[in-house]
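A.B. asks: Below you'll find the structure I mean.
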Amino acid sequence: MGTRVRTPKRVVSLVPSLTEAVAVSAPGALVGVTDWCTHPADLGGAARVGGTKNPDVRAIAALRPDLVLANEEENRAADLDALRAAGLEVLVTDVRDLPQALSELERVLVGALGLERPGWLADAGAAWARVEPLPPALAFVPIWRRPWMVLGRDTFAGDLLARLGVRNAYASHAERYPRIAAAELAAAGCDLVVLPDEPYRFTAGDGPEAFPGIPAALVSGRHLTWYGPSLAEAPAVLARALREASDGS
């Protein structure tokens, strides 16, 4: 675990992944988090400041943070501009693959917060470095339904799956999160459908029935889409779910 320094000492995180990373590495630093920040369970009394897409700028400014953590995909540029206009320092991360996630976490924790490199970050890098891919499989990965949306090009989750041997059927799509009709998905000739439990909460009874005959892997959204301490255990957790779906167990 990293060692805290004095500056900056008040952090608002608008990204659930970064909330967990800071909470684990610098206990007590967080003074504000979003309504979607769920890990760890105890966030030390940090104030809730709205959602990732609709943060309460006035409430955040009232917390007098030294730093606001954001992400170019999860947070809206207009909200970040409003925070800067309020005189706050905003650090915006950009994460499209695993190497970038690891480097951005180091930029936040070591560069911005002045911590020693956390042990869990080294563990995460090591865990993914020794991954042995599963037998190759072609898959599509819905992240929403009504309408159906799937992972497209240049996504962090898509990169993790590729490292585990799962090729995204829509990795070359022009959009990062294209809307594709269920009938088209079912007819895409895929070996597998990967259904995470966030942002849409797919379950055994909500999702697989739309694609009869295609094995469905129900996976942890936190392990597939979050970049933080969960990265250290993500290879094993995801591989197990993918293997069970492919084996029909």
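Chain lettering (A, B, ...) mirrors the order of the structure tokens, residue numbering begins at 1 for each chain separately, and ligand numbering begins at 1 in order of display.
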Please produce, as a tab-separated table, a per-residue contact table for stretch 62-181 of chain A versus stretch 29-52 of chain A (criterion: any atom at most 8 Å away, only C-alpha atoms considered), showing the nearest atom pair and its distance in Å to one decimal, sorted by chain then residue number.
C.D. replies:
residue	atom	partner	partner_atom	distance
A:Leu63	CA	A:Val31	CA	7.0
A:Pro65	CA	A:Val31	CA	7.4
A:Glu74	CA	A:Thr52	CA	6.3
A:Asn75	CA	A:Thr52	CA	5.6
A.B. asks: Counting only C-alpha atoms, what is within 10 Å of stretch 139-154 of chain A, bar same-chain residues fewer than 6 positions away, as a PyMOL selection string?
C.D. replies: chain A and resi 95-97+161+166-182+185-186+188-202+206-207+214-217+221
A.B. asks: Stretch 153-245 of chain A near stretch 101-125 of chain A within 12 Å: what's each residue's closest atom pair and its distance in Å to one decimal, counting only C-alpha atoms, ordered by chain then ascending residue number, as a Markdown table?
C.D. replies:
| residue | atom | partner | partner_atom | distance |
| --- | --- | --- | --- | --- |
| A:Thr155 | CA | A:Ala101 | CA | 11.1 |
| A:Phe156 | CA | A:Ala101 | CA | 8.0 |
| A:Ala157 | CA | A:Ala101 | CA | 10.9 |
| A:Asp159 | CA | A:Ala101 | CA | 10.8 |
| A:Leu160 | CA | A:Ala101 | CA | 10.8 |
| A:His223 | CA | A:Ala124 | CA | 11.6 |
| A:Thr225 | CA | A:Ala101 | CA | 10.6 |
| A:Trp226 | CA | A:Ala101 | CA | 9.4 |
| A:Tyr227 | CA | A:Ala101 | CA | 6.2 |
| A:Gly228 | CA | A:Leu105 | CA | 7.5 |
| A:Pro229 | CA | A:Trp120 | CA | 6.0 |
| A:Ser230 | CA | A:Ala124 | CA | 8.1 |
| A:Leu231 | CA | A:Ala124 | CA | 5.3 |
| A:Ala232 | CA | A:Ala124 | CA | 3.8 |
| A:Glu233 | CA | A:Ala124 | CA | 7.4 |
| A:Ala234 | CA | A:Ala124 | CA | 8.4 |
| A:Pro235 | CA | A:Ala124 | CA | 9.1 |
| A:Ala236 | CA | A:Ala124 | CA | 11.3 |
A.B. asks: Enumerate the residues of stretch 9-175 of chain A with a DSSP assignment of strand (DSSP E), computed from the backbone, and present them as a ChimeraX atom specification.
C.D. replies: /A:11-13,30-33,47-48,67-71,90-93,137-140,142-144,149-150,166-168
A.B. asks: Could you please write out, as a PyMOL selection string, every residue of stretch 140-245 of chain A that DSSP assigns to alpha helix (DSSP H)?
C.D. replies: chain A and resi 156-163+182-186+221-225+234-245
A.B. asks: Do you have the atom CA of A:Gly28-atom CA of A:Leu67 distance handy?
C.D. replies: 13.9 Å
A.B. asks: Between atom CA of A:Ala241 and atom CA of A:Leu218, what is the distance in Å, rounded to a tenth?
C.D. replies: 6.6 Å
A.B. asks: Counting only C-alpha atoms, which residue out of A:Thr203, A:Asn71, A:Asn54, A:Ser17 sits closest to A:Arg222?
C.D. replies: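 Of A:Thr203, A:Asn71, A:Asn54, A:Ser17, the one nearest A:Arg222 is A:Ser17, counting only C-alpha atoms.
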A.B. asks: So how many Å separate atom CA of A:Pro27 and atom CA of A:Val90, to one decimal?
C.D. replies: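 Separation of atom CA of A:Pro27 and atom CA of A:Val90: 20.1 Å.
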